[in-house]
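Worksheet for the structure shown next.
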Amino acid sequence: MSVRLAGVGFVHANGVQTLSDIELSVAPGERVAVIGPSGAGKTTLLNLLATRLRPSHGRLELLGEQPWGLSSRARQRLRARIGLVHQAPPLPPRQRVVTAVGAGRIGRWSTLRALANLIHPLDRGGVRDALARLDLADKLFARCDQLSGGQLQRVGIARVLYQSPELMLADEPVSAMDPILAGHTLALLNREAAQRGISLLASVHAVELALEHFPRIVGVRDGRIVFDRPAAEVTAAELQALYANAQLQQAPELHAPLQPIIPRC
Amino acid sequence: MTRLINGLLLAALLIAALWSFQFLDLDFANLVSADGLSQMADYASGFLSPDFSAPHLNAIGRGALETLAMSALGTLLAALLGLALALPASGRYGVLALQASRLLLNALRAIPELVWAALMVLAAGLGPNAGTLALALHTAGVLGRLFAEALENTPAEPADAVRLAGGGRVAAFCYGTLPGVWPQLVAYTLYRWENNIRMASVLGFVGAGGLGQMLYISLSLFQEAQAATVILAMLLLVLGVDALSGWVRQRWVTQ
Amino acid sequence: MNSLPRDPAALPRLLLTLLALALLWPGLSLSELDLTALFRADNATVMGGFLAGFWPPAHDASFLQLLWQATLETLAIATAGMCLALLIAMPCALLATRALSLSALPRGGRPAGWAVALRWPVRGLLIVLRSVPEIVWALLFVRAVGLGPTAGVLAIAITYSGMLGKVYAEIFESVDPRPTRALFGAGSGRLAAFAYGILPNAASEMLSYTVYRWECAVRASVVMGFVGAGGLGQQMDLSLRMFAGGEVASMLLTFLLLVLLADRLSRLLRERYT
């Protein structure tokens with residue numbers, strides 16, 4: 001199994017329980033979309049799977065290992081096999097795309113090689129191939145702050161493709177793209193995952209896109225799994241119930257530009 | 001209430017200012033009397049004919065280069081040391097390391113360059129080496145504090161993302177944190193360099209090399225003409241470094 | 001796939017590295033940088049003996065009395081110097097700023113050529129005043145007016161008037177020009193236009209910068225004594241020459257306290273008035 005969650009719950013530091021009793025298994029090569037209203041716990045679920053958060057209770061198994069039972073070194077090795085596409089790609093504005101995408105493989109490089117790559121990009125061909133799949137090959141040497149929000153999200157995806165993980169997670173990977181590009185990009189993610197035979201688990205806020213591109217759908221609401229079935233079997237009534245009285249989607253946060261203050265004395 | 005306190009504070013400031021004049025017993029009347037003024041004018045007139053003879057200019061050129069090297073290397077060393085101290089001071093290695101490094105930074109910062117220079121002359125002998133070390137130590141305290149603030153204010157997500165992809169701490173810092181802060185670090189370092197060129201030219205007063213030593217000696221020997229040239233050289237050096245650092249900032253930091 | 005893309009930044013980076021190395025090499029030899037000098041046997045024993053005297057810091061009554069006087073003198077030099085600097089800086093800033101240019105009015109805010117030329121001598125004077133380090137001024141004044149705090153006060157007054165004058169002029173130019181233009185349009189004089197149009201908007205920024213400069217002046221007056229201009233520095237110089245480690249330690253602690261105190265006070269003032 002790529003992912004196995006048994007009775008997993010998560011309680012925030014402020015005492016709010018955002019996930020409870022999650023039972024979820026994902027087989028290698030399976031492609032799953034997580035849908036649900038905002039605040040349902042989709043991002044928390046993905047953060048648990050990416051080992052950013054540690055479950056408060058229950059059992060979490062990723063690629064056959066229990067990340068929180070490992071030493072921190074072994075956990076870093078496990079993390080190198082898991083790729084996470086962030087909703088707002090955390091790329092430093094002044095970094096060049098070639099470096100930002102290259103950072104995907106840091107987990108497998110020695111520190112020395114990582115530092116050398118920072119000064120002079122070593123694997124330009126590989127990075128360009130990853131970018132080319134997202135039609136961004138011409139942005140290889142552009143700086144991240146010269147890209148639009150949608151382009152940045154695609155750079156974030158290219159970074160994970162370049163990482164070539166065994167488990168690919170994606171948190172709202174297409175939220176900053178127009179519908180046509182979003183559909184195109186989700187199709188690409190699915191195609192890549194199928195070709196490589198790896199598991200893909202993505203949260204998607206556009207239900208139609210999720211139903212169209214993913215074979216299996218997991219509905220989440222109020223920190224619980226409401227349904228988990230093949231896309232073809234999801235009924236309109238279920239969707240209605242899932243999104244009833246949902247709040248409006250919040251806009252993703254953007255980094256404030258740096259404003260150096262200057263003391264002199 | 002706030003108005004009252006503000007008013008009282010203002011009054012206290014005024015009293016403090018008046019008290020300082022009274023405490024120091026400054027005798028401006030004597031200073032601006034005909035006698036005092038003519039004496040000053042006499043002294044100042046010695047500076048009006050700077051010594052531009054070739055050997056003196058040669059010596060000044062060497063002194064200026066020495067000063068420049070002292071300030072540049074001192075600032076560079078300080079930036080490295082400051083960064084090394086800023087990492088614990090930004091709270092990356094726990095509270096204990098944070099408090100200890102903050103204390104060290106404050107101590108380095110509180111002791112002025114000239115005092116450091118006097119101490120370094122004792123510890124490392126006369127000459128520009130002592131001056132470079134003195135600048136490095138004081139500036140490390142200043143830059144370390146600024147760097148720590150800059151590091152604290154940088155978004156943590158990029159570095160977290162690298163850690164989540166399995167990267168080591170060093171790699172996460174270099175890929176995630178550094179690209180966000182380095183313009184600020186460079187800007188701070190350049191500003192300190194502008195400051196240090198001024199300081200480097202006076203560290204010689206306590207024997208730490210550079211133009212200051214020449215000025216001190218010329219003034220002690222009452223060679224006003226030579227001293228005037230040294231002061232002119234200092235002025236040029238300071239203006240030159242200001243212009244250079246402004247250009248570097250424009251070119252690499254604010255774009 | 002076609003050939004590997006070339007990194008456009010590779011050449012500039014290489015050249016920059018080479019340039020840095022080319023500058024670093026003579027820099028290292030000119031500054032005679034040598035960290036091992038700190039650990040050479042003779043230096044280490046001198047410094048070791050000196051440092052051994054640091055504990056306990058000198059704290060007998062007569063020395064503390066001396067230290068207290070010197071600390072007060074340092075603070076007084078900084079404060080008096082700042083007062084004089086303010087007196088010089090204000091008129092200079094008014095003369096140097098473009099914000100009070102009458103000739104700029106009909107020209108969309110750009111002063112006429114002759115007006116710029118007339119402001120240049122004042123701007124040049126401010127540059128010269130602030131570019132010569134304060135301690136050089138102190139050294140000169142010690143020769144001109146004799147040993148003692150007067151030289152320190154004059155040195156701070158001169159350097160800091162240059163700094164304050166320049167920054168004030170810039171602050172005047174950065175505030176909203178429309179009130180001033182309106183006043184000029186109504187036929188008011190320059191000083192009145194300044195007092196009613198610029199000062200209200202610029203005051204808090206000016207105060208904040210002045211307080212910050214005062215903090216710097218305290219630091220500067222600490223070292224001024226090294227050239228004989230009174231205050232803590234003079235005492236420090238004496239103790240260093242006598243290798244009195246305990247006294248040096250007490251004085252270093254006093255520096256620390258003084259700087260922290262000035263930091264606090266300046267923050268308090270800035271919070272209250274801005």
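The way I read the labels, and the way they are meant: chains A, B, ... in the order of the structure tokens, residue 1 as the first residue of every chain, and ligand 1 as the first ligand shown, with later ones counted on from there.
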(request) Fewer than 4 positions away in the same chain doesn't count, so skip those; otherwise give me all residues within 8 Å of Ala220 (chain C), counting only C-alpha atoms, as a ChimeraX atom specification. (result) /C:78,134-135,156,216,224
(request) Would you kindly return, as a PyMOL selection string, each protein, DNA or RNA residue with an atom no farther than 12 Å from any atom of region 66-69 of chain B, considering only C-alpha atoms and excluding same-chain residues fewer than 3 positions away? (result) (chain B and resi 59-63+72-77+127-129+131-133+135+193-204+208-214+230+233-234+236-238+240-241) or (chain C and resi 23-33)
(message) For Pro57 (chain C), find every residue with an atom within 7 Å (counting only C-alpha atoms), except residues of its own chain fewer than 6 positions away, and show them as a PyMOL selection string.
(response) chain C and resi 246-247+249-250
(request) Would you mind telling me which residue in A:Val85, A:Val98, A:Ala6, A:Ala114 lies nearest to chain B when using only C-alpha atoms? (result)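 Of A:Val85, A:Val98, A:Ala6, A:Ala114, the one nearest chain B, counting only C-alpha atoms, is A:Ala114.
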(request) Assign secondary structure with DSSP using the backbone only, and return the residues of region 138-212 of chain C in alpha helix (DSSP H) as an MDAnalysis selection string. (result) chainID C and resid 138:145 149:174 178:185 190:193 199:212
(message) So, with only C-alpha atoms as the atoms that count, which of A:Ser199, A:Ser148, A:Asn117, A:Ser110 lies closest to Pro28 (chain A)?
(response)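 The closest residue to Pro28 (chain A) is A:Ser199.
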(message) Let's see if you can do this: from backbone DSSP, list all strand (DSSP E or B) residues in region 9-250 of chain A, as a PyMOL selection string.
(response) chain A and resi 9-11+17-26+31-35+57-62+65+82-85+96+143+167-171+199-203+216-221+224-230
(request) Do me a favour and pick out the residues of chain A within 7 Å of chain B, using only C-alpha atoms, as a list in words. (result) Ala50, Arg52, Gln76, Arg77, Arg79, Ala80, Ile82, Gly83, Pro90, Leu91, Pro92, Pro93, Arg94, Gln95, Gly104, Ile106, Gly107, Thr111, Ala114, Leu115, Pro260 and Arg264 of chain A
Within 9 Å of chain C, which residues of chain A come that close, and what is the closest atom pair and distance in Å for each? Count only C-alpha atoms and give it as a tab-separated table.
residue	atom	partner	partner_atom	distance
A:Ile119	CA	C:Arg13	CA	8.3
A:His120	CA	C:Ala10	CA	6.8
A:Pro121	CA	C:Asp7	CA	7.7
A:Arg124	CA	C:Pro5	CA	6.7
A:Gly125	CA	C:Leu4	CA	5.6
A:Arg128	CA	C:Pro5	CA	8.3
A:Asp129	CA	C:Met1	CA	8.8
A:Leu140	CA	C:Pro5	CA	8.8
A:Phe141	CA	C:Asp7	CA	7.2
A:Arg264	CA	C:Cys216	CA	8.8
A:Cys265	CA	C:Cys216	CA	5.7
(message) Under the rule that only C-alpha atoms are counted, which of A:Arg81, A:Lys42, A:Arg133, A:Arg224 is the nearest residue to Met168 (chain A)?
(response)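 Ranked by minimum distance to Met168 (chain A), first place goes to A:Arg81.
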Selection near region 79-88 of chain C, 7 Å with only C-alpha atoms, sequence-local residues under 4 positions removed, as a PDB file with C-alpha atoms, in the first residue's frame:
ATOM      1  CA  ALA B  17      19.933  69.917  27.536  1.00  0.00           C
ATOM      2  CA  SER B  20      24.598  69.547  29.921  1.00  0.00           C
ATOM      3  CA  PHE B  21      25.833  72.976  28.917  1.00  0.00           C
TER       4      PHE B  21
ATOM      5  CA  LEU C  75      26.094  62.112  28.210  1.00  0.00           C
ATOM      6  CA  CYS C  92      21.188  74.721   6.534  1.00  0.00           C
ATOM      7  CA  VAL C 153      30.945  69.084  21.821  1.00  0.00           C
ATOM      8  CA  LEU C 154      32.165  71.034  18.800  1.00  0.00           C
ATOM      9  CA  ILE C 156      29.649  66.332  17.468  1.00  0.00           C
ATOM     10  CA  ALA C 157      27.974  69.613  16.615  1.00  0.00           C
ATOM     11  CA  ILE C 158      29.797  69.820  13.288  1.00  0.00           C
ATOM     12  CA  TYR C 160      25.912  65.813  13.227  1.00  0.00           C
ATOM     13  CA  SER C 161      24.777  69.130  11.795  1.00  0.00           C
ATOM     14  CA  TRP C 214      21.342  61.333  19.734  1.00  0.00           C
TER      15      TRP C 214
END
